[in-house]
Every structure is written in structure tokens, then in C-alpha cells.
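Reproduced below: coords-v2.txt, with compact mmCIF, C-alpha atoms (C1' of nucleotides) and all ligand atoms.
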```txt
# COMPACT_ATOMS: atom_id res chain seq x y z
CA MET A 90 0.00 0.00 0.00
CA ALA A 91 1.16 3.45 -0.79
CA GLN A 92 1.92 5.52 2.26
CA THR A 93 -0.27 8.55 2.62
CA GLN A 94 1.99 11.40 1.72
CA ILE A 95 2.04 14.31 4.10
CA LEU A 96 1.72 17.49 2.16
CA SER A 97 2.71 20.99 3.12
CA ARG A 98 0.13 23.73 3.46
CA ASN A 99 0.56 25.13 -0.03
CA GLN A 100 0.74 21.73 -1.62
CA GLN A 101 -2.50 20.71 0.08
CA ILE A 102 -4.29 23.90 -0.96
CA VAL A 103 -3.28 23.42 -4.59
CA LEU A 104 -4.16 19.73 -4.55
CA ASP A 105 -7.59 20.45 -3.05
CA ILE A 106 -8.44 22.86 -5.83
CA ILE A 107 -7.29 20.51 -8.56
CA GLU A 108 -9.19 17.61 -7.04
CA LYS A 109 -12.38 19.61 -6.76
CA ALA A 110 -12.18 20.84 -10.32
CA LYS A 111 -14.24 19.23 -13.05
CA GLY A 112 -11.45 19.44 -15.58
CA PRO A 113 -7.83 20.43 -16.07
CA LEU A 114 -6.77 23.63 -14.37
CA LYS A 115 -4.15 26.08 -15.54
CA ALA A 116 -1.51 27.33 -13.16
CA TYR A 117 -2.68 30.92 -13.22
CA SER A 118 -6.30 29.98 -12.74
CA ILE A 119 -5.22 28.05 -9.65
CA LEU A 120 -3.34 31.13 -8.54
CA PHE A 121 -6.39 33.38 -8.85
CA ASN A 122 -8.40 30.84 -6.89
CA VAL A 123 -6.07 30.75 -3.91
CA GLN A 124 -5.25 34.40 -3.45
CA LYS A 125 -7.76 34.59 -0.62
CA LYS A 126 -5.71 31.92 1.12
CA GLY A 127 -2.60 34.05 1.08
CA ILE A 128 -0.85 32.59 -1.92
CA ASN A 129 0.16 35.49 -4.10
CA ALA A 130 2.86 34.44 -6.51
CA PRO A 131 3.17 32.03 -9.43
CA GLN A 132 6.26 30.50 -7.88
CA GLN A 133 4.21 29.22 -4.99
CA ILE A 134 1.83 27.51 -7.38
CA TYR A 135 4.51 26.05 -9.61
CA ARG A 136 6.47 24.74 -6.66
CA ALA A 137 3.42 22.95 -5.32
CA LEU A 138 2.58 21.63 -8.78
CA ASP A 139 6.11 20.29 -9.22
CA LYS A 140 5.93 18.40 -5.98
CA LEU A 141 2.45 17.04 -6.62
CA ILE A 142 3.52 15.81 -10.04
CA LYS A 143 6.62 14.21 -8.58
CA ILE A 144 4.61 12.17 -6.10
CA GLY A 145 1.97 11.30 -8.67
CA LYS A 146 -0.96 13.15 -7.10
CA ILE A 147 -1.50 15.17 -10.23
CA HIS A 148 -0.47 15.04 -13.87
CA LYS A 149 0.27 17.69 -16.44
CA ILE A 150 -1.67 17.58 -19.67
CA GLU A 151 1.18 18.71 -21.87
CA SER A 152 -0.89 19.67 -24.88
CA LYS A 153 -2.96 22.02 -22.72
CA ASN A 154 -0.49 23.26 -20.13
CA ALA A 155 -2.99 22.24 -17.51
CA PHE A 156 -3.12 19.99 -14.50
CA VAL A 157 -5.46 17.22 -13.39
CA ALA A 158 -5.73 15.09 -10.28
CA CYS A 159 -4.66 11.51 -10.68
CA THR A 160 -7.63 9.18 -10.82
CA SER A 161 -5.70 5.98 -10.98
CA SER A 162 -4.86 4.20 -7.75
CA ASN A 163 -1.56 2.87 -8.93
CA CYS A 164 0.43 5.70 -10.34
CA GLU A 165 2.30 7.21 -7.42
CA ILE A 166 5.30 7.76 -9.58
CA SER A 167 3.65 8.79 -12.83
CA LYS A 168 5.76 6.66 -15.06
CA ALA A 169 2.95 5.53 -17.30
CA THR A 170 0.31 8.15 -17.97
CA ALA A 171 -2.36 8.25 -20.63
CA PHE A 172 -5.22 10.63 -21.21
CA SER A 173 -8.16 11.03 -23.52
CA ILE A 174 -8.94 14.55 -24.62
CA CYS A 175 -12.11 15.62 -26.38
CA GLU A 176 -11.27 18.08 -29.11
CA LYS A 177 -14.67 19.70 -28.87
CA CYS A 178 -15.69 20.04 -25.23
CA GLU A 179 -12.12 19.61 -23.96
CA VAL A 180 -13.07 17.05 -21.34
CA VAL A 181 -10.04 15.09 -20.17
CA ASP A 182 -9.96 11.64 -18.64
CA GLU A 183 -7.12 9.57 -17.36
CA VAL A 184 -6.95 6.33 -19.30
CA SER A 185 -6.17 3.51 -16.97
CA ASP A 186 -5.65 0.28 -18.82
CA ALA A 187 -3.29 -2.47 -17.72
CA LYS A 188 -2.82 -3.88 -21.21
CA LEU A 189 -1.99 -0.47 -22.60
CA SER A 190 0.60 0.41 -19.99
CA LYS A 191 2.12 -3.04 -20.11
CA PHE A 192 2.42 -2.83 -23.88
CA LEU A 193 4.03 0.57 -23.76
CA LEU A 194 6.37 -0.03 -20.85
CA LYS A 195 7.60 -3.17 -22.58
CA PHE A 196 7.90 -1.48 -25.93
CA ASN A 197 11.39 -1.87 -27.33
CA ASP A 198 12.94 0.98 -29.17
CA LYS A 199 14.83 0.19 -32.36
CA LYS A 200 17.61 2.57 -31.40
CA GLY A 201 18.42 0.78 -28.20
CA MET A 202 16.84 3.24 -25.87
CA LYS A 203 15.42 1.89 -22.64
CA PHE A 204 12.22 3.67 -21.72
CA LYS A 205 11.53 4.46 -18.11
CA ARG A 206 8.42 6.48 -18.57
CA PHE A 207 5.87 7.58 -21.12
CA ASN A 208 3.05 10.04 -21.52
CA LEU A 209 0.29 9.43 -24.03
CA GLU A 210 -2.44 11.80 -25.12
CA PHE A 211 -5.35 10.57 -27.20
CA PHE A 212 -7.55 13.02 -29.07
CA GLY A 213 -11.02 12.56 -30.44
CA LEU A 214 -14.64 13.17 -29.66
CA CYS A 215 -16.12 12.07 -26.39
CA LYS A 216 -19.36 10.11 -26.20
CA ARG A 217 -21.46 13.25 -25.74
CA CYS A 218 -19.82 15.25 -28.53
CA LYS A 219 -19.95 12.30 -30.92
CA ILE A 220 -23.74 12.26 -30.75
CA LYS A 221 -24.34 15.95 -31.27
CA MET B 820 1.98 9.00 -53.20
CA ALA B 821 1.73 12.17 -51.26
CA GLN B 822 1.73 15.28 -53.37
CA THR B 823 4.66 17.55 -52.78
CA GLN B 824 3.23 20.45 -50.89
CA ILE B 825 4.09 23.89 -52.15
CA LEU B 826 5.13 26.04 -49.27
CA SER B 827 5.14 29.79 -48.98
CA ARG B 828 8.35 31.69 -48.48
CA ASN B 829 8.12 31.92 -44.70
CA GLN B 830 6.98 28.35 -44.34
CA GLN B 831 9.93 27.15 -46.40
CA ILE B 832 12.41 29.21 -44.42
CA VAL B 833 11.14 27.84 -41.14
CA LEU B 834 11.02 24.27 -42.42
CA ASP B 835 14.59 24.52 -43.74
CA ILE B 836 15.89 25.56 -40.36
CA ILE B 837 14.04 22.82 -38.54
CA GLU B 838 15.19 20.20 -41.02
CA LYS B 839 18.80 21.27 -40.75
CA ALA B 840 18.74 21.27 -36.95
CA LYS B 841 20.20 18.35 -35.04
CA GLY B 842 17.42 18.42 -32.47
CA PRO B 843 14.16 20.10 -31.52
CA LEU B 844 14.05 23.85 -32.01
CA LYS B 845 12.10 26.36 -29.97
CA ALA B 846 10.00 28.98 -31.69
CA TYR B 847 12.07 31.92 -30.50
CA SER B 848 15.33 30.28 -31.41
CA ILE B 849 13.94 29.85 -34.91
CA LEU B 850 12.97 33.50 -34.85
CA PHE B 851 16.47 34.63 -33.91
CA ASN B 852 17.87 32.48 -36.69
CA VAL B 853 15.76 33.99 -39.44
CA GLN B 854 15.90 37.66 -38.61
CA LYS B 855 18.53 38.11 -41.29
CA LYS B 856 15.97 36.81 -43.75
CA GLY B 857 13.51 39.53 -42.87
CA ILE B 858 11.27 37.66 -40.48
CA ASN B 859 10.93 39.83 -37.42
CA ALA B 860 7.93 38.79 -35.40
CA PRO B 861 6.89 35.72 -33.44
CA GLN B 862 3.58 35.63 -35.29
CA GLN B 863 5.36 34.90 -38.52
CA ILE B 864 7.11 31.95 -36.94
CA TYR B 865 4.03 30.59 -35.21
CA ARG B 866 1.95 30.87 -38.36
CA ALA B 867 4.50 28.91 -40.33
CA LEU B 868 4.80 26.35 -37.55
CA ASP B 869 1.02 25.91 -37.44
CA LYS B 870 0.87 25.22 -41.12
CA LEU B 871 3.85 22.87 -41.11
CA ILE B 872 2.32 20.91 -38.26
CA LYS B 873 -1.01 20.76 -40.05
CA ILE B 874 0.51 19.22 -43.15
CA GLY B 875 2.71 16.87 -41.12
CA LYS B 876 6.09 18.31 -42.10
CA ILE B 877 6.98 18.96 -38.51
CA HIS B 878 5.77 17.89 -35.08
CA LYS B 879 5.63 19.63 -31.76
CA ILE B 880 7.31 17.95 -28.82
CA GLU B 881 4.76 18.99 -26.25
CA SER B 882 6.86 18.32 -23.19
CA LYS B 883 9.56 20.61 -24.52
CA ASN B 884 7.63 23.24 -26.45
CA ALA B 885 9.89 22.53 -29.35
CA PHE B 886 9.58 21.48 -32.95
CA VAL B 887 11.17 18.72 -35.00
CA ALA B 888 11.04 17.75 -38.64
CA CYS B 889 9.04 14.66 -39.43
CA THR B 890 11.29 11.72 -40.21
CA SER B 891 8.58 9.26 -41.02
CA SER B 892 7.49 8.94 -44.62
CA ASN B 893 3.88 8.23 -43.83
CA CYS B 894 2.63 10.86 -41.49
CA GLU B 895 1.36 13.68 -43.66
CA ILE B 896 -1.48 14.23 -41.30
CA SER B 897 0.24 13.65 -37.96
CA LYS B 898 -2.47 11.55 -36.45
CA ALA B 899 -0.18 9.03 -34.86
CA THR B 900 3.02 10.49 -33.48
CA ALA B 901 5.49 8.98 -31.07
CA PHE B 902 8.85 10.21 -29.84
CA SER B 903 11.68 9.03 -27.67
CA ILE B 904 13.31 11.64 -25.51
CA CYS B 905 16.56 11.20 -23.63
CA GLU B 906 16.27 12.73 -20.21
CA LYS B 907 19.98 13.39 -20.03
CA CYS B 908 21.21 14.65 -23.41
CA GLU B 909 17.72 15.60 -24.59
CA VAL B 910 18.10 13.92 -27.94
CA VAL B 911 14.72 13.33 -29.56
CA ASP B 912 13.80 10.73 -32.15
CA GLU B 913 10.58 10.03 -33.92
CA VAL B 914 9.47 6.49 -33.15
CA SER B 915 8.07 4.91 -36.24
CA ASP B 916 6.65 1.51 -35.55
CA ALA B 917 3.72 -0.01 -37.40
CA LYS B 918 2.74 -2.32 -34.56
CA LEU B 919 2.76 0.52 -32.09
CA SER B 920 0.61 2.87 -34.12
CA LYS B 921 -1.76 0.10 -35.09
CA PHE B 922 -2.18 -0.89 -31.46
CA LEU B 923 -2.82 2.67 -30.37
CA LEU B 924 -5.10 3.70 -33.21
CA LYS B 925 -7.17 0.61 -32.56
CA PHE B 926 -7.19 1.11 -28.82
CA ASN B 927 -10.72 1.23 -27.49
CA ASP B 928 -11.55 3.60 -24.71
CA LYS B 929 -13.71 2.32 -21.89
CA LYS B 930 -15.73 5.51 -21.85
CA GLY B 931 -16.84 5.17 -25.44
CA MET B 932 -14.57 7.76 -26.88
CA LYS B 933 -13.42 7.26 -30.45
CA PHE B 934 -9.82 8.31 -30.88
CA LYS B 935 -8.77 10.03 -34.05
CA ARG B 936 -5.26 10.91 -33.09
CA PHE B 937 -2.63 10.39 -30.45
CA ASN B 938 0.72 11.74 -29.37
CA LEU B 939 3.08 9.62 -27.35
CA GLU B 940 6.29 10.69 -25.66
CA PHE B 941 8.67 8.11 -24.24
CA PHE B 942 11.36 9.14 -21.76
CA GLY B 943 14.52 7.36 -20.78
CA LEU B 944 18.21 7.24 -21.47
CA CYS B 945 19.51 6.93 -24.99
CA LYS B 946 22.12 4.36 -25.93
CA ARG B 947 25.00 6.78 -25.41
CA CYS B 948 23.81 8.12 -22.07
CA LYS B 949 23.05 4.63 -20.78
CA ILE B 950 26.71 3.63 -21.13
CA LYS B 951 28.24 6.61 -19.39
C1' DT C 970 -10.05 38.89 -67.70
C1' DA C 971 -12.67 40.68 -63.88
C1' DA C 972 -13.91 39.96 -59.42
C1' DC C 973 -14.21 37.36 -55.55
C1' DA C 974 -12.36 34.38 -51.89
C1' DA C 975 -8.71 32.13 -49.50
C1' DA C 976 -4.19 32.07 -47.91
C1' DC C 977 -0.34 34.50 -46.66
C1' DT C 978 2.35 38.59 -44.98
C1' DG C 979 3.86 42.36 -41.95
C1' DT C 980 3.39 44.79 -37.74
C1' DT C 981 2.39 46.39 -33.01
C1' DA C 982 0.75 45.18 -28.85
C1' DT C 983 -0.39 42.09 -25.27
C1' DA C 984 -1.56 37.72 -22.96
C1' DT C 985 -0.04 33.52 -20.92
C1' DT C 986 3.15 30.31 -18.99
C1' DA C 987 7.24 29.57 -16.35
C1' DT C 988 11.68 30.41 -13.94
C1' DA C 989 15.61 33.08 -11.49
C1' DA C 990 17.37 34.78 -7.47
C1' DC C 991 17.47 35.99 -2.67
C1' DA C 992 16.18 35.75 2.19
C1' DA C 993 13.78 33.63 5.80
C1' DT C 994 11.43 29.79 8.13
C1' DT C 995 10.13 25.14 9.27
C1' DA C 996 10.59 20.20 9.36
C1' DT C 997 13.83 15.85 9.60
C1' DA C 998 17.36 13.41 10.94
C1' DA C 999 22.12 12.40 12.70
C1' DT D 489 21.61 19.95 19.24
C1' DT D 490 23.30 21.07 15.03
C1' DA D 491 23.10 20.70 10.41
C1' DT D 492 20.63 19.49 6.23
C1' DA D 493 16.78 19.36 3.41
C1' DA D 494 12.36 21.10 2.26
C1' DT D 495 9.27 24.75 2.20
C1' DT D 496 7.83 29.54 2.13
C1' DG D 497 7.51 34.42 0.67
C1' DT D 498 8.73 37.92 -2.50
C1' DT D 499 10.24 40.71 -6.50
C1' DA D 500 11.60 40.60 -10.93
C1' DT D 501 12.04 38.75 -15.40
C1' DA D 502 12.24 35.21 -19.06
C1' DA D 503 10.02 32.38 -22.38
C1' DT D 504 6.06 31.00 -24.94
C1' DA D 505 2.05 32.23 -27.53
C1' DT D 506 -1.95 34.91 -29.38
C1' DA D 507 -4.97 39.14 -30.71
C1' DA D 508 -6.04 42.45 -33.83
C1' DC D 509 -5.57 45.21 -37.90
C1' DA D 510 -4.19 46.21 -42.59
C1' DG D 511 -2.27 45.04 -46.78
C1' DT D 512 -0.70 41.60 -50.53
C1' DT D 513 -0.48 37.52 -53.18
C1' DT D 514 -2.57 33.46 -55.08
C1' DG D 515 -6.15 30.60 -56.73
C1' DT D 516 -10.88 30.01 -58.54
C1' DT D 517 -14.59 30.76 -61.33
C1' DA D 518 -18.03 33.57 -63.62
ZN ZN A 1001 -2.55 8.94 -12.54
ZN ZN A 1002 -16.67 16.27 -25.81
ZN ZN A 1003 6.22 12.26 -38.44
ZN ZN A 1004 21.13 10.78 -24.16
```
Write-out of the structure in C-alpha cells:
Amino acid sequence: MAQTQILSRNQQIVLDIIEKAKGPLKAYSILFNVQKKGINAPQQIYRALDKLIKIGKIHKIESKNAFVACTSSNCEISKATAFSICEKCEVVDEVSDAKLSKFLLKFNDKKGMKFKRFNLEFFGLCKRCKIK
Amino acid sequence: MAQTQILSRNQQIVLDIIEKAKGPLKAYSILFNVQKKGINAPQQIYRALDKLIKIGKIHKIESKNAFVACTSSNCEISKATAFSICEKCEVVDEVSDAKLSKFLLKFNDKKGMKFKRFNLEFFGLCKRCKIK
DNA sequence: TAACAAACTGTTATATTATAACAATTATAA
DNA sequence: TTATAATTGTTATAATATAACAGTTTGTTA
């Protein structure tokens, strides 16, 4: 079992906001949301984000420069992340699929590179947007 | 056979620089490199980049905000891109593997989303950096 | 070929995302 | 306890990207 990580004040504030959010949050939108709690500078946000990413509590959606809470129970170290992104409504979901991560972590590069980690972003139309 | 795309002057200038580069280039480093050719503003670079991405001549490495020339003969439309990134020397290679892209393009989301496109970034140590 | 539309260009200004650098404080561990 | 690492606060600045406007070139078709 993964030990419950003790977070610092700022880290906890930032994590709470990201976990409550319905979708990916941008760093500066987090900042505006926590100014009442005494966090005033981007650095404070980015430092918390860095730590939260490092311990796998959140992930960065690289194509959107935005951050989401981890919804997979087994990715404390974020070495195998995959997301689905709707190109219309921009909803983002973490894709948690054992076969997929096994396939990718075992994938052998032709150039002799040993992969330690991957990040995968799928794009398409979500169920809702497909219908419309 | 894919028709040879006719590029505009700015698009060709930007593509040439990216193709000649040994690794991923950042937008502003491209800008600094073409100022002698009369391109003075970021917009001109970003517009060319957008077009080149759209037609599959280049790809964006999202985790680095940088751009590389496509080295795969069959990705005019950039719907299935994969890269290997060395975490030490930062060398980037396009991963071109039929099995891999087939597997991912066929991958079925549990939430009923139909994927049209994906981007995959692998991280690790390249052959050279592994030895050292 | 005239005339319209689409794509591209140039330019100025500004928005957004992220890091540097410095000083102080708090938690952890030897 | 002392020192070492992690965290905080703060100001300033760097790096990345887009908005908005006006003009030009290119391609299409009437
Ligand atoms: Zn996760
Ligand atoms: Zn949608
Ligand atoms: Zn390619
Ligand atoms: Zn390397």
C-alpha cells in the first residue's frame, strides 16, 4: 500500500483545488483561486505543482499546459500516464488500462533506448460530442 | 503517393531551419535564426509552424515546447506520433513503428470515446547516455 | 479577364506560462 | 543539538504564444 503522503500547506491547498475541479486547471487559474488563502505568486503555485507531479498526485496535460488530479490508484510515480482529450468540449480523462501500460512499458525501441516512462495523449470526440 | 506540398516563403524558411537542426528547435530560437531573412515577429514563426504541423512536415514535442522535422514517410497528417526523448542529453527521435501505431489507433476507450489521433512521448536514457 | 475568396504577410501590442534569485522559516534526521 | 533538506515568501524577469488590424499575393470561377 502506498503511504499517505504528508503534504505541506501550499501543496494541500493546490491539490484540493485541482481535485475539486471538473477538468484540467491552468496554473494561473489556480493562482487566482487561492489568493484569498494568502498565496500570491506564481512560484508558490509552480512549486506545489512540481511536488504534486513528482509524487503522482496530479499530472500535467502537456498539450494544454494544464493539471489534473490523478484518478488511478496505482500511479504514485507517474511513469505511465495516458489521457483522452475531447477536441470539442475539452473534457479530459485519465486512461487507466493495464494492457496499454504493459504494452508501452515493454515497448522496445529500435535505437536501443530503454524507456523508463511515457506520456500518451489521445484526441477525439467524447461520447457526448460524438452524438451531437 | 503524397503530393509535394508547395510552401510559402516563410513556411519554407522555417522548415529549412528545422530540417537542418540536429534536435528540436524552440519557436524563439527559430525566430532569432531567421531575422537576417527579414522575419521579425513571433507571429510569422508561429503561423508557419502551425501550417507545417497541419501538413505533417513537422511535429511539436509537447513536453519541450519545441519542434522537429518529421522523419517518417507516412505521417502527412500527424495523427499518430510517437517520440523518444533522452532525459539526459535531450536527444529526440521520432518512433516509427507499425505495430505501435496500429495498437494505439485501434485502442478502445472504456468511456466510449473514439480516438482520431494520439501523441506519445517516451522518456529514458539513450544508448550513449546509458553507457556513461 | 474581372472579381471574388482564400491564404499568406507584416506589424504592433499584449496575454499567458514559467523560472531566477534571494532571504527567511520550518521540518527531519544524525 | 546542530546541520541538512524542504518549504515559504517575494520581486523581478524570461520564455512562450496569441490578438487584432491592414495590406498583398494566389487561386478560382463567372
Ligand atoms: Zn494517474
Ligand atoms: Zn466532448
Ligand atoms: Zn512524423
Ligand atoms: Zn542521451
Considering only C-alpha atoms and all ligand atoms, tabulate each residue of chain A that lies at most 6 Å from ligand ZN 1002 (chain A) along with its nearest interatomic pair and the corresponding distance in Å to one decimal; arrange the rows by chain and ascending residue number and present them as CSV.
```
residue,atom,partner,partner_atom,distance
A:Cys175,CA,A:ZN1002,ZN,4.6
A:Lys177,CA,A:ZN1002,ZN,5.0
A:Cys178,CA,A:ZN1002,ZN,3.9
A:Glu179,CA,A:ZN1002,ZN,5.9
A:Val180,CA,A:ZN1002,ZN,5.8
A:Leu214,CA,A:ZN1002,ZN,5.3
A:Cys215,CA,A:ZN1002,ZN,4.3
A:Arg217,CA,A:ZN1002,ZN,5.7
A:Cys218,CA,A:ZN1002,ZN,4.3
```
With C-alpha atoms retained, could you export that selection as a compact mmCIF listing (two decimals), keeping the file's coordinate frame?
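The file below, again.txt, is the result:
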```txt
# COMPACT_ATOMS: atom_id res chain seq x y z
CA CYS A 175 -12.11 15.62 -26.38
CA LYS A 177 -14.67 19.70 -28.87
CA CYS A 178 -15.69 20.04 -25.23
CA GLU A 179 -12.12 19.61 -23.96
CA VAL A 180 -13.07 17.05 -21.34
CA LEU A 214 -14.64 13.17 -29.66
CA CYS A 215 -16.12 12.07 -26.39
CA ARG A 217 -21.46 13.25 -25.74
CA CYS A 218 -19.82 15.25 -28.53
```
Give me the residues of chain B that have any atom at most 9 Å from an atom of ligand ZN 1003 (chain A); for each, the nearest atom pair and the distance in Å, rounded to one decimal. Use all atoms listed in the file, sort by chain and number, and format it as CSV.
```
residue,atom,partner,partner_atom,distance
B:Gly875,CA,A:ZN1003,ZN,6.4
B:Lys876,CA,A:ZN1003,ZN,7.1
B:Ile877,CA,A:ZN1003,ZN,6.7
B:His878,CA,A:ZN1003,ZN,6.6
B:Val887,CA,A:ZN1003,ZN,8.8
B:Ala888,CA,A:ZN1003,ZN,7.3
B:Cys889,CA,A:ZN1003,ZN,3.8
B:Thr890,CA,A:ZN1003,ZN,5.4
B:Ser891,CA,A:ZN1003,ZN,4.6
B:Ser892,CA,A:ZN1003,ZN,7.1
B:Asn893,CA,A:ZN1003,ZN,7.1
B:Cys894,CA,A:ZN1003,ZN,4.9
B:Glu895,CA,A:ZN1003,ZN,7.3
B:Ile896,CA,A:ZN1003,ZN,8.4
B:Ser897,CA,A:ZN1003,ZN,6.2
B:Lys898,CA,A:ZN1003,ZN,8.9
B:Ala899,CA,A:ZN1003,ZN,8.0
B:Thr900,CA,A:ZN1003,ZN,6.2
B:Ala901,CA,A:ZN1003,ZN,8.1
B:Glu913,CA,A:ZN1003,ZN,6.7
B:Val914,CA,A:ZN1003,ZN,8.5
B:Ser915,CA,A:ZN1003,ZN,7.9
```
Point-to-point distance in Å for atom CA of Arg136 of chain A and atom ZN of ligand ZN 1001 (chain A):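 Distance reported for this atom pair: 19.1 Å.
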Interatomic distance (Å, one decimal) between atom CA of Asn154 of chain A and atom C1' of DA502 of chain D: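 Calculated distance between atom CA of Asn154 of chain A and atom C1' of DA502 of chain D is 17.5 Å.
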Interatomic distance (Å, one decimal) between atom CA of Val911 of chain B and atom CA of Ile837 of chain B: 13.1 Å
Segment 843-857 of chain B surroundings by only C-alpha atoms (C1' of nucleotides), 12 Å radius, close-in-sequence under 4 positions cut, as a ChimeraX atom specification: /B:828-839,861-869,877-889,902-904,909-913 /C:978-979 /D:502-505
Using all atoms listed in the file and a distance of at most 7 Å, pull out the residues of chain B that contact chain A, as an mmCIF file with C-alpha atoms, in the frame of the given file.
```cif
data_model
loop_
_atom_site.group_PDB
_atom_site.id
_atom_site.type_symbol
_atom_site.label_atom_id
_atom_site.label_comp_id
_atom_site.auth_asym_id
_atom_site.auth_seq_id
_atom_site.Cartn_x
_atom_site.Cartn_y
_atom_site.Cartn_z
ATOM 1 C CA GLU B 881 4.760 18.990 -26.250
ATOM 2 C CA SER B 882 6.860 18.320 -23.190
ATOM 3 C CA GLY B 931 -16.840 5.170 -25.440
ATOM 4 C CA MET B 932 -14.570 7.760 -26.880
ATOM 5 C CA LYS B 933 -13.420 7.260 -30.450
ATOM 6 C CA PHE B 934 -9.820 8.310 -30.880
ATOM 7 C CA LYS B 935 -8.770 10.030 -34.050
ATOM 8 C CA ARG B 936 -5.260 10.910 -33.090
ATOM 9 C CA PHE B 937 -2.630 10.390 -30.450
ATOM 10 C CA ASN B 938 0.720 11.740 -29.370
ATOM 11 C CA LEU B 939 3.080 9.620 -27.350
ATOM 12 C CA GLU B 940 6.290 10.690 -25.660
ATOM 13 C CA PHE B 941 8.670 8.110 -24.240
ATOM 14 C CA PHE B 942 11.360 9.140 -21.760
ATOM 15 C CA GLY B 943 14.520 7.360 -20.780
ATOM 16 C CA LEU B 944 18.210 7.240 -21.470
ATOM 17 C CA CYS B 945 19.510 6.930 -24.990
ATOM 18 C CA LYS B 946 22.120 4.360 -25.930
#
```
Report, as AutoDock Vina command-line options, the axis-aligned box around all atoms of segment 502-513 of chain D present in the file, extended by 4 Å on each side; give centre and edge lengths in Å to one decimal place.
```
--center_x 3.1 --center_y 38.6 --center_z -36.1 --size_x 26.3 --size_y 23.2 --size_z 42.1
```
Point (-5.4, 33.0, -53.7), cut-off 8 Å, counting only C-alpha atoms (C1' of nucleotides), residues as a list in words: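 Every polymer residue passing the test: DA974, DA975 and DA976 of chain C; DT513, DT514, DG515 and DT516 of chain D.
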Serialized selection, C-alpha atoms (C1' of nucleotides), as a CSV table (one decimal), in the coordinates of the input:
```
chain,number,residue,atom,x,y,z
C,974,DA,C1',-12.4,34.4,-51.9
C,975,DA,C1',-8.7,32.1,-49.5
C,976,DA,C1',-4.2,32.1,-47.9
D,513,DT,C1',-0.5,37.5,-53.2
D,514,DT,C1',-2.6,33.5,-55.1
D,515,DG,C1',-6.2,30.6,-56.7
D,516,DT,C1',-10.9,30.0,-58.5
```
Kindly complete segment 122-141 of chain A to N, CA and C atoms; the output should be written as a compact mmCIF listing (two decimals), in the frame of the given file.
```txt
# COMPACT_ATOMS: atom_id res chain seq x y z
N ASN A 122 -7.49 31.50 -7.82
CA ASN A 122 -8.40 30.84 -6.89
C ASN A 122 -7.89 30.73 -5.45
N VAL A 123 -6.61 30.95 -5.25
CA VAL A 123 -6.07 30.75 -3.91
C VAL A 123 -5.53 32.04 -3.30
N GLN A 124 -5.79 33.14 -3.97
CA GLN A 124 -5.25 34.40 -3.45
C GLN A 124 -5.88 34.77 -2.11
N LYS A 125 -7.12 34.36 -1.93
CA LYS A 125 -7.76 34.59 -0.62
C LYS A 125 -7.08 33.78 0.49
N LYS A 126 -6.39 32.74 0.12
CA LYS A 126 -5.71 31.92 1.12
C LYS A 126 -4.27 32.36 1.34
N GLY A 127 -3.92 33.50 0.80
CA GLY A 127 -2.60 34.05 1.08
C GLY A 127 -1.49 33.60 0.14
N ILE A 128 -1.87 32.93 -0.92
CA ILE A 128 -0.85 32.59 -1.92
C ILE A 128 -0.91 33.64 -3.02
N ASN A 129 0.19 34.31 -3.24
CA ASN A 129 0.16 35.49 -4.10
C ASN A 129 0.99 35.40 -5.36
N ALA A 130 1.88 34.44 -5.41
CA ALA A 130 2.86 34.44 -6.51
C ALA A 130 2.88 33.13 -7.27
N PRO A 131 3.10 33.22 -8.58
CA PRO A 131 3.17 32.03 -9.43
C PRO A 131 4.15 30.98 -8.91
N GLN A 132 5.28 31.44 -8.42
CA GLN A 132 6.26 30.50 -7.88
C GLN A 132 5.65 29.53 -6.88
N GLN A 133 4.80 30.06 -6.03
CA GLN A 133 4.21 29.22 -4.99
C GLN A 133 3.35 28.12 -5.62
N ILE A 134 2.64 28.49 -6.67
CA ILE A 134 1.83 27.51 -7.38
C ILE A 134 2.72 26.48 -8.08
N TYR A 135 3.68 26.97 -8.83
CA TYR A 135 4.51 26.05 -9.61
C TYR A 135 5.32 25.11 -8.71
N ARG A 136 5.73 25.62 -7.55
CA ARG A 136 6.47 24.74 -6.66
C ARG A 136 5.58 23.62 -6.13
N ALA A 137 4.36 23.98 -5.79
CA ALA A 137 3.42 22.95 -5.32
C ALA A 137 3.11 21.97 -6.45
N LEU A 138 2.87 22.50 -7.64
CA LEU A 138 2.58 21.63 -8.78
C LEU A 138 3.72 20.65 -9.01
N ASP A 139 4.95 21.16 -8.98
CA ASP A 139 6.11 20.29 -9.22
C ASP A 139 6.13 19.12 -8.24
N LYS A 140 5.90 19.45 -6.99
CA LYS A 140 5.93 18.40 -5.98
C LYS A 140 4.80 17.40 -6.18
N LEU A 141 3.61 17.92 -6.44
CA LEU A 141 2.45 17.04 -6.62
C LEU A 141 2.62 16.13 -7.83
```
